[in-house]
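query-v4.cif, holding mmCIF, C-alpha atoms:
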```
data_entry
#
loop_
_atom_site.group_PDB
_atom_site.id
_atom_site.type_symbol
_atom_site.label_atom_id
_atom_site.label_comp_id
_atom_site.auth_asym_id
_atom_site.auth_seq_id
_atom_site.Cartn_x
_atom_site.Cartn_y
_atom_site.Cartn_z
ATOM 1 C CA ASP C 1 0.000 0.000 0.000
ATOM 2 C CA VAL C 2 2.395 2.662 -1.272
ATOM 3 C CA THR C 3 1.089 5.877 -2.810
ATOM 4 C CA PHE C 4 2.968 9.174 -2.871
ATOM 5 C CA GLU C 5 4.063 12.062 -5.076
ATOM 6 C CA LEU C 6 7.415 13.725 -5.600
ATOM 7 C CA HIS C 7 7.661 17.249 -6.968
ATOM 8 C CA ARG C 8 10.482 18.910 -8.862
ATOM 9 C CA GLY C 9 13.108 20.409 -6.578
ATOM 10 C CA GLU C 10 11.756 18.640 -3.500
ATOM 11 C CA ILE C 11 13.624 16.536 -0.938
ATOM 12 C CA VAL C 12 11.379 13.930 0.672
ATOM 13 C CA GLY C 13 12.646 11.860 3.575
ATOM 14 C CA LEU C 14 11.668 8.213 3.791
ATOM 15 C CA TRP C 15 11.684 7.542 7.523
ATOM 16 C CA GLY C 16 11.085 4.234 9.239
ATOM 17 C CA LEU C 17 12.630 1.522 11.343
ATOM 18 C CA LEU C 18 15.054 -1.072 9.999
ATOM 19 C CA GLY C 19 13.026 -3.586 8.002
ATOM 20 C CA SER C 20 10.195 -1.177 7.251
ATOM 21 C CA GLY C 21 10.688 -1.595 3.497
ATOM 22 C CA ARG C 22 12.537 1.614 2.642
ATOM 23 C CA THR C 23 15.270 -0.034 0.567
ATOM 24 C CA GLU C 24 12.768 -2.400 -1.051
ATOM 25 C CA LEU C 25 10.693 0.573 -2.209
ATOM 26 C CA LEU C 26 13.707 2.234 -3.833
ATOM 27 C CA ARG C 27 14.696 -1.027 -5.533
ATOM 28 C CA ALA C 28 11.171 -1.410 -6.919
ATOM 29 C CA LEU C 29 11.121 2.152 -8.250
ATOM 30 C CA VAL C 30 14.389 1.661 -10.109
ATOM 31 C CA GLY C 31 13.273 -1.686 -11.514
ATOM 32 C CA LEU C 32 15.576 -3.978 -9.516
ATOM 33 C CA ASP C 33 12.586 -5.653 -7.849
ATOM 34 C CA PRO C 34 9.240 -6.278 -9.598
ATOM 35 C CA VAL C 35 6.184 -4.134 -8.914
ATOM 36 C CA ASP C 36 3.281 -6.553 -8.514
ATOM 37 C CA VAL C 37 0.407 -4.062 -8.579
ATOM 38 C CA GLY C 38 0.046 -0.351 -9.246
ATOM 39 C CA THR C 39 1.139 2.343 -11.673
ATOM 40 C CA LEU C 40 3.933 4.880 -12.020
ATOM 41 C CA HIS C 41 3.447 8.339 -13.529
ATOM 42 C CA LEU C 42 6.048 10.857 -14.654
ATOM 43 C CA SER C 43 4.854 14.380 -15.475
ATOM 44 C CA GLY C 44 1.315 13.032 -15.752
ATOM 45 C CA LYS C 45 2.180 10.188 -18.142
ATOM 46 C CA ARG C 46 1.896 6.553 -17.103
ATOM 47 C CA ILE C 47 5.226 4.752 -17.463
ATOM 48 C CA THR C 48 6.876 1.477 -16.495
ATOM 49 C CA ALA C 49 9.679 1.051 -13.948
ATOM 50 C CA ARG C 50 11.994 0.324 -16.878
ATOM 51 C CA GLN C 51 11.087 3.671 -18.469
ATOM 52 C CA LEU C 52 11.465 5.469 -15.155
ATOM 53 C CA HIS C 53 14.935 3.961 -14.772
ATOM 54 C CA ALA C 54 16.180 6.153 -17.624
ATOM 55 C CA HIS C 55 15.449 9.248 -15.507
ATOM 56 C CA ILE C 56 16.818 8.022 -12.165
ATOM 57 C CA GLY C 57 20.106 8.289 -10.317
ATOM 58 C CA LEU C 58 20.462 5.586 -7.638
ATOM 59 C CA VAL C 59 22.852 5.730 -4.699
ATOM 60 C CA THR C 60 22.706 2.404 -2.847
ATOM 61 C CA GLU C 61 23.474 1.883 0.831
ATOM 62 C CA ASP C 62 26.437 -0.366 -0.095
ATOM 63 C CA ARG C 63 28.646 1.800 -2.282
ATOM 64 C CA ARG C 64 31.568 -0.675 -2.254
ATOM 65 C CA GLY C 65 29.468 -3.757 -2.995
ATOM 66 C CA GLU C 66 26.822 -2.323 -5.327
ATOM 67 C CA GLY C 67 27.740 1.228 -6.250
ATOM 68 C CA LEU C 68 31.256 0.961 -7.643
ATOM 69 C CA LEU C 69 33.680 -1.288 -9.487
ATOM 70 C CA LEU C 70 36.546 -0.877 -7.038
ATOM 71 C CA PRO C 71 39.477 -2.135 -9.181
ATOM 72 C CA GLN C 72 38.430 0.074 -12.110
ATOM 73 C CA SER C 73 39.528 3.681 -12.586
ATOM 74 C CA ILE C 74 37.552 6.735 -11.586
ATOM 75 C CA ALA C 75 37.040 7.583 -15.262
ATOM 76 C CA GLU C 76 35.698 4.122 -16.056
ATOM 77 C CA ASN C 77 33.300 4.176 -13.094
ATOM 78 C CA ILE C 78 31.941 7.598 -14.033
ATOM 79 C CA GLY C 79 31.566 6.527 -17.646
ATOM 80 C CA LEU C 80 29.544 3.356 -17.028
ATOM 81 C CA PRO C 81 25.993 4.813 -16.965
ATOM 82 C CA ASN C 82 26.938 7.105 -19.850
ATOM 83 C CA LEU C 83 28.204 4.543 -22.370
ATOM 84 C CA SER C 84 25.529 5.378 -24.948
ATOM 85 C CA SER C 85 26.903 8.911 -25.261
ATOM 86 C CA LEU C 86 30.554 7.790 -25.139
ATOM 87 C CA ARG C 87 30.471 5.106 -27.844
ATOM 88 C CA THR C 88 32.102 5.533 -31.207
ATOM 89 C CA ARG C 89 30.456 4.396 -34.448
ATOM 90 C CA LEU C 90 32.142 1.023 -33.980
ATOM 91 C CA GLY C 91 30.584 0.605 -30.544
ATOM 92 C CA LEU C 92 33.813 1.198 -28.652
ATOM 93 C CA VAL C 93 34.229 3.621 -25.772
ATOM 94 C CA ASP C 94 35.749 6.936 -26.813
ATOM 95 C CA GLY C 95 38.542 7.276 -24.240
ATOM 96 C CA VAL C 96 39.021 11.000 -24.880
ATOM 97 C CA GLN C 97 35.349 11.741 -24.221
ATOM 98 C CA GLN C 98 35.332 9.494 -21.157
ATOM 99 C CA ASP C 99 38.373 11.252 -19.705
ATOM 100 C CA SER C 100 36.833 14.653 -20.431
ATOM 101 C CA LEU C 101 33.612 13.637 -18.666
ATOM 102 C CA ALA C 102 35.573 12.368 -15.666
ATOM 103 C CA ASP C 103 37.567 15.605 -15.445
ATOM 104 C CA ARG C 104 34.362 17.671 -15.456
ATOM 105 C CA MET C 105 32.776 15.585 -12.710
ATOM 106 C CA ILE C 106 35.942 15.546 -10.598
ATOM 107 C CA ALA C 107 36.065 19.343 -10.755
ATOM 108 C CA ARG C 108 32.328 19.796 -10.204
ATOM 109 C CA LEU C 109 32.180 17.626 -7.072
ATOM 110 C CA ARG C 110 35.686 18.501 -5.875
ATOM 111 C CA ILE C 111 36.728 14.852 -5.725
ATOM 112 C CA LYS C 112 40.218 14.472 -4.251
ATOM 113 C CA VAL C 113 42.199 12.216 -6.594
ATOM 114 C CA SER C 114 45.744 11.818 -7.847
ATOM 115 C CA SER C 115 44.452 11.307 -11.397
ATOM 116 C CA ARG C 116 41.333 10.176 -13.235
ATOM 117 C CA GLN C 117 43.049 6.801 -13.748
ATOM 118 C CA GLN C 118 43.327 6.133 -10.016
ATOM 119 C CA ALA C 119 41.516 2.956 -8.922
ATOM 120 C CA VAL C 120 38.315 4.051 -7.210
ATOM 121 C CA GLY C 121 38.887 1.497 -4.439
ATOM 122 C CA THR C 122 41.887 3.507 -3.203
ATOM 123 C CA LEU C 123 39.817 6.634 -2.503
ATOM 124 C CA SER C 124 38.443 7.641 0.889
ATOM 125 C CA GLY C 125 34.815 6.772 1.643
ATOM 126 C CA GLY C 126 33.637 10.327 1.050
ATOM 127 C CA ASN C 127 35.368 10.592 -2.315
ATOM 128 C CA GLN C 128 34.072 7.174 -3.356
ATOM 129 C CA GLN C 129 30.549 8.388 -2.616
ATOM 130 C CA LYS C 130 31.164 11.489 -4.717
ATOM 131 C CA VAL C 131 32.142 9.229 -7.617
ATOM 132 C CA VAL C 132 28.824 7.387 -7.204
ATOM 133 C CA PHE C 133 26.963 10.697 -7.356
ATOM 134 C CA SER C 134 29.019 11.955 -10.296
ATOM 135 C CA ARG C 135 28.348 8.936 -12.507
ATOM 136 C CA TRP C 136 24.610 9.671 -12.281
ATOM 137 C CA LEU C 137 24.914 13.460 -12.434
ATOM 138 C CA ALA C 138 26.335 13.112 -15.925
ATOM 139 C CA THR C 139 23.060 11.494 -17.053
ATOM 140 C CA ASN C 140 21.055 14.585 -15.937
ATOM 141 C CA PRO C 141 18.474 12.584 -13.934
ATOM 142 C CA LEU C 142 15.078 13.975 -12.945
ATOM 143 C CA LEU C 143 14.987 11.891 -9.780
ATOM 144 C CA PHE C 144 17.628 10.828 -7.277
ATOM 145 C CA LEU C 145 16.970 7.830 -5.016
ATOM 146 C CA LEU C 146 19.412 7.985 -2.110
ATOM 147 C CA ASP C 147 19.690 5.058 0.299
ATOM 148 C CA GLU C 148 21.801 5.924 3.358
ATOM 149 C CA PRO C 149 24.115 8.177 1.283
ATOM 150 C CA THR C 150 26.286 9.184 4.276
ATOM 151 C CA ARG C 151 26.667 5.763 5.912
ATOM 152 C CA GLY C 152 30.228 5.109 7.086
ATOM 153 C CA LEU C 153 31.483 8.620 6.290
ATOM 154 C CA ASP C 154 33.229 11.024 8.652
ATOM 155 C CA VAL C 155 31.571 14.265 9.748
ATOM 156 C CA SER C 156 33.251 16.395 7.082
ATOM 157 C CA ALA C 157 32.321 14.019 4.250
ATOM 158 C CA LYS C 158 28.739 13.774 5.543
ATOM 159 C CA THR C 159 28.423 17.564 5.447
ATOM 160 C CA GLU C 160 29.713 17.653 1.859
ATOM 161 C CA ILE C 161 27.246 14.983 0.724
ATOM 162 C CA MET C 162 24.288 16.675 2.428
ATOM 163 C CA THR C 163 25.284 19.985 0.807
ATOM 164 C CA LEU C 164 25.384 18.234 -2.560
ATOM 165 C CA ILE C 165 21.871 16.838 -1.997
ATOM 166 C CA VAL C 166 20.528 20.345 -1.354
ATOM 167 C CA GLU C 167 22.280 21.611 -4.490
ATOM 168 C CA LEU C 168 20.656 18.849 -6.554
ATOM 169 C CA ALA C 169 17.221 19.920 -5.353
ATOM 170 C CA GLU C 170 17.987 23.573 -6.048
ATOM 171 C CA GLN C 171 18.872 22.568 -9.620
ATOM 172 C CA GLY C 172 15.431 20.973 -10.044
ATOM 173 C CA CYS C 173 16.015 17.319 -9.181
ATOM 174 C CA SER C 174 13.481 15.437 -7.088
ATOM 175 C CA VAL C 175 15.138 13.575 -4.221
ATOM 176 C CA LEU C 176 13.843 10.617 -2.221
ATOM 177 C CA LEU C 177 16.190 10.276 0.743
ATOM 178 C CA VAL C 178 16.498 7.298 3.087
ATOM 179 C CA SER C 179 18.542 7.786 6.242
ATOM 180 C CA SER C 180 18.635 6.171 9.665
ATOM 181 C CA GLU C 181 20.017 9.439 11.054
ATOM 182 C CA LEU C 182 16.972 11.535 11.818
ATOM 183 C CA GLN C 183 18.930 14.737 12.360
ATOM 184 C CA GLU C 184 20.294 14.491 8.819
ATOM 185 C CA LEU C 185 16.802 14.189 7.390
ATOM 186 C CA MET C 186 15.602 17.142 9.435
ATOM 187 C CA ARG C 187 18.371 19.341 8.008
ATOM 188 C CA VAL C 188 17.200 19.082 4.404
ATOM 189 C CA CYS C 189 13.738 17.517 3.977
ATOM 190 C CA ASP C 190 10.626 19.325 2.742
ATOM 191 C CA ARG C 191 8.354 16.416 3.750
ATOM 192 C CA TYR C 192 8.557 13.038 5.450
ATOM 193 C CA LEU C 193 6.947 9.763 4.431
ATOM 194 C CA ILE C 194 6.644 7.414 7.402
ATOM 195 C CA MET C 195 7.120 3.830 6.283
ATOM 196 C CA LYS C 196 5.944 0.815 8.232
ATOM 197 C CA ARG C 197 5.943 -2.845 7.190
ATOM 198 C CA GLY C 198 6.090 -2.144 3.492
ATOM 199 C CA ARG C 199 3.536 0.660 3.331
ATOM 200 C CA ILE C 200 3.447 4.440 3.516
ATOM 201 C CA ALA C 201 1.587 4.837 6.782
ATOM 202 C CA GLN C 202 1.764 8.597 7.328
ATOM 203 C CA GLU C 203 3.044 11.866 5.864
ATOM 204 C CA LEU C 204 4.433 14.746 7.904
ATOM 205 C CA SER C 205 5.528 18.230 6.884
ATOM 206 C CA GLY C 206 9.129 19.402 6.899
ATOM 207 C CA THR C 207 8.419 21.421 10.046
ATOM 208 C CA ALA C 208 7.691 18.278 12.065
ATOM 209 C CA SER C 209 9.707 17.980 15.281
ATOM 210 C CA THR C 210 11.872 15.090 16.361
ATOM 211 C CA GLU C 211 9.189 14.141 18.865
ATOM 212 C CA ALA C 212 6.497 14.125 16.166
ATOM 213 C CA LEU C 213 8.575 11.868 13.903
ATOM 214 C CA MET C 214 9.381 9.451 16.721
ATOM 215 C CA ASP C 215 5.771 9.498 17.898
ATOM 216 C CA ALA C 216 4.603 8.616 14.384
ATOM 217 C CA ILE C 217 6.618 5.403 14.494
ATOM 218 C CA SER C 218 5.691 4.513 18.087
ATOM 219 C CA THR C 219 1.996 5.207 17.389
ATOM 220 C CA LEU C 220 2.111 2.850 14.428
ATOM 221 C CA ASP C 221 3.727 0.147 16.569
ATOM 222 C CA THR C 222 1.169 0.596 19.343
ATOM 223 C CA SER C 223 -1.825 0.524 16.988
ATOM 224 C CA ARG C 224 -0.547 -2.696 15.415
ATOM 225 C CA GLU C 225 -0.113 -4.334 18.835
ATOM 226 C CA LEU C 226 -3.630 -3.310 19.929
ATOM 227 C CA ALA C 227 -5.105 -4.626 16.695
ATOM 228 C CA ALA C 228 -3.324 -7.939 17.220
#
```

Show how you would write the structure in this file as structure tokens.
Amino acid sequence: DVTFELHRGEIVGLWGLLGSGRTELLRALVGLDPVDVGTLHLSGKRITARQLHAHIGLVTEDRRGEGLLLPQSIAENIGLPNLSSLRTRLGLVDGVQQDSLADRMIARLRIKVSSRQQAVGTLSGGNQQKVVFSRWLATNPLLFLLDEPTRGLDVSAKTEIMTLIVELAEQGCSVLLVSSELQELMRVCDRYLIMKRGRIAQELSGTASTEALMDAISTLDTSRELAA
């Protein structure tokens, strides 16, 4: 039972306990898991998850296991989602274009590297996460799905990533943000969707207090126990 809207330039926090279905929802939206029932609409037009995928940037909670190819270079990682625009007539990757794209993204996100050919696995956690963001930024997505984007990062790197998220929204991207750190959500979110056992159970405004957000979850737990 999941129904919600995202608007251009909006950051919506997906808040819930571990196991509430937050990651599963993001995976379904991007087409990694099947949607059994329901419809998706983009700008008023009904589309499939596969069609929506072309407009999405996905940052998974496991950047090292799912987000990056660690032995590959920074340039190759940034180029992966952009191969259609980097191919030559023979179907090969244009190395000059790929390097140029990597240089632009490295400068734009201020990624600290020795060179674009550096293996991405040798970067710090914060710079690895910037590479994940940069590979999708180059596709000009309409929607960013962010699953625990600051997990495992130090305070400085977390601040940089949260600043980047705000910048994305200011540039017109819609952002659906999952985080277990409530204070992070409260810094940037315009609305909150409270998720419980695979459903959107409640919506709260961006002005909601910490107590209101915690109460929303505890109220849902209590009502379930009473019903049982």

Write out as JSON an axis-aligned box for region 58-61 of chain C: all of its atoms listed in the file, 3 Å added on each side, centre and edge lengths in Å with one decimal.
```
{"center_x": 22.0, "center_y": 3.8, "center_z": -3.4, "size_x": 9.0, "size_y": 9.8, "size_z": 14.5}
```

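Distances from C:Gln202, C:Thr88, C:Gln72, C:Thr150 to Ser180 (chain C) were compared using only C-alpha atoms, and the smallest one belongs to C:Thr150.
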
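Using all atoms listed in the file, the shortest contact distance between Leu17 (chain C) and any of C:Ile194, C:Leu32, C:Leu185, C:Ala201 is found at C:Ile194.
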
The PyMOL selection byres ((chain C and resi 115) around 10) on the file shown: which residues, as a VMD selection string? chain C and resid 73 to 75 102 to 103 106 112 to 114 116 to 119

Can I get the residues of region 129-221 of chain C within 12 Å of region 42-48 of chain C, each with the closest pair of atoms and their distance in Å to one decimal, using all atoms listed in the file, sorted chain first then ascending number, as a tab-separated table?
```
residue	atom	partner	partner_atom	distance
C:Leu142	CA	C:Leu42	CA	9.7
C:Leu143	CA	C:Leu42	CA	10.2
C:Ser174	CA	C:Leu42	CA	11.6
```

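Residue nearest Ala216 (chain C), chosen from C:Ser179, C:Leu29, C:Leu123, C:Gly16 and counting only C-alpha atoms: C:Gly16.
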
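Neighbours of Val178 (chain C) closer than or equal to 8 Å, with all atoms listed in the file counted and sequence neighbours fewer than 2 positions away skipped, come out as Gly13, Leu14, Trp15, Arg22, Thr23, Leu146, Asp147, Glu148, Pro149, Leu176 and Ser180 of chain C.
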
CA of His7 (chain C) to CA of Asn140 (chain C), distance in Å rounded to a single decimal: 16.3 Å

Run through the PyMOL selection byres ((chain C and resi 206) around 6) on the given coordinates and return the selected residues as an NGL selection string. :C and (189-191 or 205 or 207-208)

Residues matched by the PyMOL selection byres ((chain C and resi 58) around 7) as JSON, numbers by chain: {"C": [56, 57, 59, 60, 144, 145, 146]}

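The spacing separating CA of Leu182 (chain C) from CA of Leu213 (chain C) amounts to 8.7 Å.
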